[in-house]
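Colleague: Below is the file start21.tsv, which contains TSV, C-alpha atoms and all ligand atoms.
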```
chain	number	residue	atom	x	y	z
A	1	MET	CA	-12.16	-10.92	7.14
A	2	LYS	CA	-10.11	-7.89	8.17
A	3	VAL	CA	-9.24	-5.30	5.54
A	4	PHE	CA	-6.51	-2.69	5.86
A	5	HIS	CA	-7.32	0.17	3.45
A	6	ILE	CA	-4.36	2.50	2.91
A	7	ASP	CA	-4.51	5.67	0.79
A	8	SER	CA	-1.49	7.75	-0.21
A	9	SER	CA	-2.87	10.47	-2.48
A	10	VAL	CA	-2.18	14.09	-1.58
A	11	ARG	CA	-4.98	15.38	-3.83
A	12	GLY	CA	-7.74	15.25	-1.24
A	13	ASP	CA	-11.23	15.21	-2.75
A	14	TRP	CA	-9.76	15.26	-6.30
A	15	SER	CA	-8.07	11.94	-5.76
A	16	VAL	CA	-8.75	9.22	-8.33
A	17	SER	CA	-6.94	6.50	-6.38
A	18	LYS	CA	-9.04	7.24	-3.29
A	19	ASP	CA	-12.20	7.01	-5.38
A	20	LEU	CA	-11.02	3.60	-6.62
A	21	THR	CA	-9.97	2.20	-3.22
A	22	ARG	CA	-13.39	3.36	-1.93
A	23	HIS	CA	-15.02	1.45	-4.79
A	24	PHE	CA	-12.92	-1.61	-3.91
A	25	VAL	CA	-14.01	-1.49	-0.25
A	26	GLN	CA	-17.68	-0.93	-1.16
A	27	GLN	CA	-17.66	-3.94	-3.50
A	28	LEU	CA	-15.88	-6.07	-0.91
A	29	LYS	CA	-18.40	-5.09	1.80
A	30	GLU	CA	-21.27	-6.05	-0.52
A	31	LYS	CA	-19.77	-9.50	-0.95
A	32	PHE	CA	-18.50	-9.89	2.63
A	33	PRO	CA	-20.82	-7.80	4.86
A	34	ASP	CA	-19.02	-8.98	8.01
A	35	ALA	CA	-15.64	-7.68	6.83
A	36	THR	CA	-14.11	-5.06	9.10
A	37	ILE	CA	-12.28	-2.12	7.56
A	38	ASP	CA	-9.28	-0.35	9.09
A	39	HIS	CA	-8.73	2.82	7.04
A	40	LEU	CA	-5.48	4.80	7.05
A	41	ASP	CA	-5.16	7.95	4.96
A	42	LEU	CA	-1.43	8.63	4.92
A	43	ALA	CA	-1.95	12.25	3.81
A	44	GLU	CA	-3.79	12.87	7.07
A	45	HIS	CA	-1.49	10.71	9.21
A	46	ILE	CA	1.95	11.16	7.68
A	47	PRO	CA	4.27	8.52	9.15
A	48	SER	CA	7.47	9.68	10.86
A	49	HIS	CA	10.76	9.23	9.06
A	50	PRO	CA	13.38	6.97	10.65
A	51	THR	CA	15.66	8.76	13.15
A	52	PRO	CA	18.97	7.62	14.71
A	53	LEU	CA	17.10	6.67	17.91
A	54	PHE	CA	14.51	4.72	15.91
A	55	ILE	CA	17.25	2.75	14.14
A	56	GLN	CA	19.11	2.00	17.40
A	57	ALA	CA	15.85	0.93	19.06
A	58	ASN	CA	14.88	-1.23	16.10
A	59	TYR	CA	18.09	-3.26	16.24
A	60	ALA	CA	18.40	-3.40	20.05
A	61	PRO	CA	17.12	-6.65	21.58
A	62	ALA	CA	13.66	-5.96	23.05
A	63	ASP	CA	14.72	-6.66	26.66
A	64	THR	CA	17.51	-4.03	26.45
A	65	ARG	CA	15.43	-1.16	25.05
A	66	SER	CA	15.15	2.05	27.08
A	67	LYS	CA	11.87	3.91	27.65
A	68	GLU	CA	12.94	6.43	24.96
A	69	MET	CA	13.60	3.59	22.53
A	70	TRP	CA	10.14	2.11	23.09
A	71	GLU	CA	8.65	5.55	22.53
A	72	ALA	CA	10.60	5.93	19.30
A	73	LEU	CA	9.17	2.60	18.10
A	74	ALA	CA	5.57	3.15	19.23
A	75	GLU	CA	4.17	4.51	15.96
A	76	SER	CA	5.93	1.85	13.91
A	77	ASN	CA	4.79	-0.92	16.29
A	78	SER	CA	1.21	0.20	15.88
A	79	LEU	CA	1.49	0.19	12.05
A	80	VAL	CA	3.16	-3.23	12.10
A	81	GLN	CA	0.33	-4.58	14.26
A	82	ARG	CA	-2.28	-3.23	11.84
A	83	MET	CA	-0.47	-5.02	8.99
A	84	HIS	CA	-0.39	-8.31	10.94
A	85	ASP	CA	-4.08	-7.99	11.82
A	86	ALA	CA	-5.24	-7.71	8.19
A	87	ASN	CA	-6.12	-10.54	5.81
A	88	VAL	CA	-6.67	-8.24	2.84
A	89	ILE	CA	-4.67	-5.05	2.26
A	90	VAL	CA	-5.60	-2.51	-0.40
A	91	PHE	CA	-3.25	0.34	-1.29
A	92	GLY	CA	-4.16	3.43	-3.31
A	93	VAL	CA	-0.90	4.52	-4.96
A	94	PRO	CA	-0.65	7.56	-7.25
A	95	MET	CA	2.55	7.71	-9.28
A	96	HIS	CA	4.86	10.47	-8.05
A	97	ASN	CA	7.90	11.05	-10.23
A	98	PHE	CA	7.80	7.51	-11.61
A	99	SER	CA	7.61	5.96	-8.15
A	100	ILE	CA	5.44	5.90	-5.04
A	101	PRO	CA	4.48	8.99	-2.96
A	102	SER	CA	7.05	9.80	-0.25
A	103	ILE	CA	4.37	9.36	2.46
A	104	LEU	CA	3.93	5.75	1.34
A	105	LYS	CA	7.73	5.26	1.39
A	106	ALA	CA	7.74	6.59	4.99
A	107	PHE	CA	4.99	4.07	5.82
A	108	ILE	CA	7.07	1.25	4.30
A	109	ASP	CA	10.13	2.38	6.30
A	110	ASN	CA	7.96	1.94	9.42
A	111	ILE	CA	6.66	-1.52	8.62
A	112	VAL	CA	9.78	-3.26	7.28
A	113	ARG	CA	11.14	-4.30	10.68
A	114	ILE	CA	13.54	-7.04	11.68
A	115	ASN	CA	11.88	-9.76	13.79
A	116	GLU	CA	8.53	-8.04	13.27
A	117	THR	CA	7.84	-8.35	9.53
A	118	PHE	CA	10.99	-10.20	8.39
A	119	ALA	CA	13.54	-12.43	10.07
A	120	MET	CA	17.08	-13.55	9.28
A	121	THR	CA	17.16	-17.35	9.48
A	122	VAL	CA	19.85	-19.92	8.69
A	123	ASP	CA	18.08	-20.38	5.37
A	124	GLY	CA	18.10	-16.65	4.60
A	125	ILE	CA	15.42	-13.97	4.86
A	126	GLU	CA	11.95	-15.03	5.90
A	127	GLY	CA	9.00	-12.68	5.39
A	128	LEU	CA	6.63	-12.74	8.37
A	129	LEU	CA	3.51	-11.11	6.88
A	130	LYS	CA	2.12	-14.34	5.52
A	131	ASP	CA	-1.24	-15.25	4.00
A	132	LYS	CA	-2.18	-11.71	3.05
A	133	LYS	CA	-3.97	-10.86	-0.14
A	134	VAL	CA	-2.68	-7.49	-1.36
A	135	TYR	CA	-4.16	-5.16	-3.97
A	136	VAL	CA	-2.33	-2.13	-5.33
A	137	ILE	CA	-4.52	0.33	-7.21
A	138	SER	CA	-2.05	2.68	-8.82
A	139	THR	CA	-2.92	5.76	-10.83
A	140	ARG	CA	-0.75	7.64	-13.31
A	141	GLY	CA	-1.32	11.08	-14.79
A	142	VAL	CA	-0.09	10.22	-18.28
A	143	ASP	CA	-0.77	7.21	-20.45
A	144	PHE	CA	1.48	4.29	-19.46
A	145	ASN	CA	-0.21	1.76	-21.72
A	146	ASN	CA	2.79	1.29	-24.00
A	147	PRO	CA	6.18	-0.43	-23.57
A	148	HIS	CA	8.17	2.84	-23.65
A	149	MET	CA	6.31	4.30	-20.65
A	150	GLU	CA	5.93	0.96	-18.87
A	151	ALA	CA	9.73	0.67	-18.79
A	152	MET	CA	9.86	3.86	-16.68
A	153	ASP	CA	7.42	2.58	-14.07
A	154	GLN	CA	9.19	2.13	-10.73
A	155	ILE	CA	6.01	1.42	-8.75
A	156	LYS	CA	5.45	-2.22	-9.65
A	157	PRO	CA	9.04	-3.53	-9.46
A	158	TYR	CA	9.65	-1.71	-6.17
A	159	LEU	CA	6.43	-2.74	-4.43
A	160	ARG	CA	6.72	-6.33	-5.66
A	161	THR	CA	10.25	-6.50	-4.21
A	162	VAL	CA	9.63	-4.87	-0.85
A	163	PHE	CA	6.28	-6.58	-0.25
A	164	GLY	CA	7.82	-9.95	-1.18
A	165	PHE	CA	10.66	-9.27	1.28
A	166	ILE	CA	8.17	-9.05	4.18
A	167	GLY	CA	6.22	-12.11	3.01
A	168	MET	CA	3.46	-10.52	0.95
A	169	THR	CA	3.79	-12.39	-2.31
A	170	ALA	CA	0.13	-12.50	-3.39
A	171	VAL	CA	-0.02	-9.00	-4.87
A	172	GLU	CA	-2.46	-7.91	-7.57
A	173	PHE	CA	-1.75	-4.67	-9.43
A	174	ILE	CA	-4.58	-2.63	-10.91
A	175	ASP	CA	-2.82	-0.03	-13.07
A	176	VAL	CA	-4.82	3.01	-14.06
A	177	SER	CA	-3.76	5.56	-16.69
A	178	PRO	CA	-4.15	8.21	-17.95
A	179	VAL	CA	-6.05	9.93	-15.15
A	180	GLN	CA	-4.84	13.52	-15.51
A	181	PHE	CA	-2.93	14.52	-18.65
A	182	ALA	CA	-5.38	13.35	-21.32
A	183	ASP	CA	-8.79	14.24	-22.68
A	184	GLN	CA	-11.87	13.58	-20.57
A	185	GLU	CA	-12.93	10.57	-22.63
A	186	ALA	CA	-9.59	8.78	-22.14
A	187	ARG	CA	-9.64	9.55	-18.41
A	188	ASN	CA	-13.19	8.28	-18.00
A	189	GLU	CA	-12.31	5.11	-19.90
A	190	ALA	CA	-9.27	4.45	-17.68
A	191	ILE	CA	-11.36	4.83	-14.51
A	192	SER	CA	-14.21	2.73	-15.85
A	193	LYS	CA	-11.78	-0.07	-16.84
A	194	ALA	CA	-10.22	0.08	-13.38
A	195	LYS	CA	-13.64	-0.30	-11.71
A	196	GLN	CA	-14.40	-3.30	-13.92
A	197	SER	CA	-11.05	-4.82	-13.02
A	198	ILE	CA	-11.73	-4.23	-9.30
A	199	ASN	CA	-15.13	-5.95	-9.66
A	200	VAL	CA	-13.45	-8.99	-11.23
A	201	HIS	CA	-10.85	-9.13	-8.44
A	202	ILE	CA	-13.59	-8.95	-5.79
A	203	SER	CA	-15.62	-11.68	-7.49
A	204	ASN	CA	-12.46	-13.87	-7.47
A	205	LEU	CA	-11.69	-13.12	-3.83
A	206	ASN	CA	-12.45	-16.05	-1.57
A	207	THR	CA	-13.06	-15.85	2.14
A	208	VAL	CA	-9.77	-15.39	3.97
A	209	GLY	CA	-9.31	-15.15	7.70
B	301	LIG	C1	4.34	15.16	-7.00
B	301	LIG	C2	3.66	14.51	-8.17
B	301	LIG	C3	4.42	13.81	-9.10
B	301	LIG	C4	3.80	13.18	-10.19
B	301	LIG	N1	4.55	12.42	-11.03
B	301	LIG	C5	3.95	11.76	-12.05
B	301	LIG	C6	4.70	10.89	-12.89
B	301	LIG	O1	5.89	10.68	-12.73
B	301	LIG	N2	4.03	10.26	-13.90
B	301	LIG	C7	2.69	10.41	-14.09
B	301	LIG	O2	2.14	9.79	-15.00
B	301	LIG	N3	1.96	11.21	-13.29
B	301	LIG	C8	2.56	11.88	-12.28
B	301	LIG	N4	1.81	12.68	-11.44
B	301	LIG	C9	0.35	12.73	-11.64
B	301	LIG	C10	-0.32	11.73	-10.71
B	301	LIG	O3	0.21	10.43	-10.88
B	301	LIG	C11	-1.79	11.64	-10.93
B	301	LIG	O4	-2.37	12.90	-10.80
B	301	LIG	C12	-2.28	10.70	-9.85
B	301	LIG	O5	-1.98	9.39	-10.22
B	301	LIG	C13	-3.68	10.73	-9.58
B	301	LIG	O6	-3.91	9.96	-8.39
B	301	LIG	P1	-4.63	10.71	-7.20
B	301	LIG	O7	-5.71	11.52	-7.86
B	301	LIG	O8	-5.17	9.61	-6.37
B	301	LIG	O9	-3.66	11.56	-6.46
B	301	LIG	C14	2.40	13.31	-10.36
B	301	LIG	C15	1.64	14.03	-9.41
B	301	LIG	C16	2.25	14.62	-8.33
B	301	LIG	C17	1.39	15.35	-7.33
```
Output the file's structure in the form of structure tokens.

Modeller:
Amino acid sequence: MKVFHIDSSVRGDWSVSKDLTRHFVQQLKEKFPDATIDHLDLAEHIPSHPTPLFIQANYAPADTRSKEMWEALAESNSLVQRMHDANVIVFGVPMHNFSIPSILKAFIDNIVRINETFAMTVDGIEGLLKDKKVYVISTRGVDFNNPHMEAMDQIKPYLRTVFGFIGMTAVEFIDVSPVQFADQEARNEAISKAKQSINVHISNLNTVG
């Protein structure tokens, strides 16, 4: 089993989502000691934004790409390969202004690639990242456990859509709130519930890959 562990918090050692993805990986390693872990902390390795050259290179047929075009695609190609290599992908996703952190959006802009992670076929769009089990552990500062706040959440609808587009349809969301703007007891309870939920997900995870 190959696990791709991706963090996107910018809060360093204070990060709750990083604590929870670490818990996820520890539990998974206890159950599957042979699992290999590829860890990417996006705050330490911020992906490049798309540039005009990147876009031209992306849409140019591979056999017509110049040296500069290949160079412009190198970082993205490496990230795409890491996605293909994984059987299980776990994302730590803090809510930033109702959506995902911009460093995670930059990562997504690097991995949604024509003929690499999706293809246009006569039957429509085909996602190419198949047979992945994806976990999204997403933290929110305020309490989102009510319909009014839930309606403002752009993380789940967006990630479900874009991951589905590239073929990742088996996505489990572990929503965690409140982790910042609440009393200590409520924060502890949210984190403890999240760890229990992670444990259940790991116990339900069967060998893949
Ligand atoms: C730039 C920024 C924007 C934020 N926007 C929101 C928000 O819209 N809603 C919310 O509940 N919390 C918001 N927060 C609080 C974070 O969601 C919370 O601290 C985070 O989920 C904790 O995860 P982390 O410790 O892994 O970074 C924001 C934090 C930052 C840094």

Colleague: Taking all atoms listed in the file into account, which residues have an atom no farther than 9 Å from ligand LIG 301 (chain B)? I'd like them as a VMD selection string.

Modeller: chain A and resid 7 to 20 92 to 101 138 to 144 149 152 to 153 176 to 181

Colleague: What gap, in Å, lies between atom CA of A:Ser203 and atom CA of A:Ile166?

Modeller: 26.6 Å

Colleague: Could you name the residues that touch A:Asp85 at 12 Å or less, counting only C-alpha atoms, but leaving out those on the same chain fewer than 6 positions away, as a ChimeraX atom specification?

Modeller: /A:1-4,36-38,78-79,129-132,209

Colleague: Just how far from atom CA of A:Val90 is atom CA of A:His23, in Å to one decimal?

Modeller: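 Separation of atom CA of A:His23 and atom CA of A:Val90: 11.1 Å.
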
Colleague: Applying 7 Å and all atoms listed in the file, which residues near A:Phe54 remain after dropping the ones on its own chain fewer than 6 positions away? List them as a VMD selection string.

Modeller: chain A and resid 69 72 to 73

Colleague: Quote the spacing between atom CA of A:Pro157 and atom CA of A:Leu42 in Å to one decimal place.

Modeller: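 Rounded to one decimal, the two atoms are 21.5 Å apart.
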
Colleague: Which residue, A:Ser197, A:Asn206, A:Thr51, A:Asn115, has the smallest gap to A:Phe32 when you use only C-alpha atoms?

Modeller: A:Asn206

Colleague: Around (3.1, -4.6, -5.4) in the file's frame, which residues reach within 8 Å when counting all atoms listed in the file? Return as a PyMOL selection string?

Modeller: chain A and resi 134-136+155-163+171-173

Colleague: Might you pull out every residue within 8 Å of A:Phe165, with all atoms listed in the file counted and same-chain residues fewer than 6 positions away left off, and present them as a PyMOL selection string?

Modeller: chain A and resi 118+125-127

Colleague: Considering all atoms listed in the file, state which residue in the set A:Thr169, A:Asn145, A:Asn110, A:Gln27 is at the smallest distance from A:His49.

Modeller: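 With all atoms listed in the file as the atom set, the closest residue is A:Asn110.
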
Colleague: Dig up all the protein and nucleic acid residues within 8 Å of (12.8, 0.9, 19.3) in the file frame, using all atoms listed in the file, and format them as a list of chain:residue names.

Modeller: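 Returned residue set, sorted by chain then number, is A:Leu53, A:Phe54, A:Ile55, A:Gln56, A:Ala57, A:Asn58, A:Tyr59, A:Ala60, A:Ala62, A:Arg65, A:Glu68, A:Met69, A:Trp70, A:Glu71, A:Ala72, A:Leu73, A:Ala74.
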
Colleague: How would stretch 101-125 of chain A look with N, CA, C and O atoms restored, written as a compact mmCIF listing (two decimals), keeping the file's coordinate frame?

Modeller:
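Written out: out-v5.txt:
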```txt
# COMPACT_ATOMS: atom_id res chain seq x y z
N PRO A 101 4.41 7.76 -3.75
CA PRO A 101 4.48 8.99 -2.96
C PRO A 101 5.41 8.81 -1.75
O PRO A 101 5.47 7.72 -1.16
N SER A 102 6.08 9.89 -1.36
CA SER A 102 7.05 9.80 -0.25
C SER A 102 6.35 9.41 1.06
O SER A 102 6.96 8.77 1.91
N ILE A 103 5.06 9.75 1.21
CA ILE A 103 4.37 9.36 2.46
C ILE A 103 4.17 7.84 2.52
O ILE A 103 4.16 7.26 3.59
N LEU A 104 4.04 7.22 1.35
CA LEU A 104 3.93 5.75 1.34
C LEU A 104 5.30 5.13 1.62
O LEU A 104 5.42 4.11 2.31
N LYS A 105 6.37 5.76 1.11
CA LYS A 105 7.73 5.26 1.39
C LYS A 105 8.00 5.35 2.90
O LYS A 105 8.59 4.43 3.50
N ALA A 106 7.55 6.45 3.53
CA ALA A 106 7.74 6.59 4.99
C ALA A 106 6.97 5.48 5.72
O ALA A 106 7.46 4.91 6.70
N PHE A 107 5.77 5.17 5.22
CA PHE A 107 4.99 4.07 5.82
C PHE A 107 5.78 2.76 5.71
O PHE A 107 5.90 2.00 6.68
N ILE A 108 6.31 2.50 4.52
CA ILE A 108 7.07 1.25 4.30
C ILE A 108 8.29 1.20 5.22
O ILE A 108 8.61 0.16 5.80
N ASP A 109 8.95 2.35 5.40
CA ASP A 109 10.13 2.38 6.30
C ASP A 109 9.73 2.07 7.75
O ASP A 109 10.57 1.66 8.54
N ASN A 110 8.45 2.27 8.07
CA ASN A 110 7.96 1.94 9.42
C ASN A 110 7.55 0.48 9.57
O ASN A 110 7.52 -0.04 10.69
N ILE A 111 7.18 -0.15 8.47
CA ILE A 111 6.66 -1.52 8.62
C ILE A 111 7.65 -2.61 8.21
O ILE A 111 7.40 -3.78 8.47
N VAL A 112 8.76 -2.24 7.58
CA VAL A 112 9.78 -3.26 7.28
C VAL A 112 10.72 -3.32 8.48
O VAL A 112 11.62 -2.49 8.64
N ARG A 113 10.47 -4.27 9.37
CA ARG A 113 11.14 -4.30 10.68
C ARG A 113 11.66 -5.70 10.98
O ARG A 113 10.90 -6.68 10.93
N ILE A 114 12.94 -5.75 11.35
CA ILE A 114 13.54 -7.04 11.68
C ILE A 114 12.82 -7.67 12.88
O ILE A 114 12.47 -6.98 13.84
N ASN A 115 12.58 -8.94 12.78
CA ASN A 115 11.88 -9.76 13.79
C ASN A 115 10.42 -9.36 13.99
O ASN A 115 9.76 -9.90 14.88
N GLU A 116 9.94 -8.44 13.21
CA GLU A 116 8.53 -8.04 13.27
C GLU A 116 7.82 -8.40 11.96
O GLU A 116 6.75 -9.00 11.98
N THR A 117 8.45 -8.02 10.84
CA THR A 117 7.84 -8.35 9.53
C THR A 117 8.80 -9.15 8.64
O THR A 117 8.39 -9.64 7.59
N PHE A 118 10.08 -9.25 9.05
CA PHE A 118 10.99 -10.20 8.39
C PHE A 118 11.99 -10.70 9.43
O PHE A 118 12.19 -10.05 10.46
N ALA A 119 12.55 -11.87 9.14
CA ALA A 119 13.54 -12.43 10.07
C ALA A 119 14.71 -12.98 9.26
O ALA A 119 14.55 -13.39 8.11
N MET A 120 15.89 -12.92 9.88
CA MET A 120 17.08 -13.55 9.28
C MET A 120 17.15 -14.97 9.84
O MET A 120 17.29 -15.13 11.05
N THR A 121 17.07 -15.97 9.00
CA THR A 121 17.16 -17.35 9.48
C THR A 121 18.40 -18.00 8.85
O THR A 121 19.03 -17.40 7.97
N VAL A 122 18.70 -19.22 9.28
CA VAL A 122 19.85 -19.92 8.69
C VAL A 122 19.64 -20.15 7.20
O VAL A 122 20.59 -20.27 6.42
N ASP A 123 18.38 -20.17 6.79
CA ASP A 123 18.08 -20.38 5.37
C ASP A 123 17.95 -19.07 4.60
O ASP A 123 17.60 -19.07 3.42
N GLY A 124 18.20 -17.94 5.28
CA GLY A 124 18.10 -16.65 4.60
C GLY A 124 16.96 -15.82 5.19
O GLY A 124 16.54 -16.03 6.31
N ILE A 125 16.46 -14.89 4.38
CA ILE A 125 15.42 -13.97 4.86
C ILE A 125 14.06 -14.67 4.83
O ILE A 125 13.73 -15.34 3.84
```
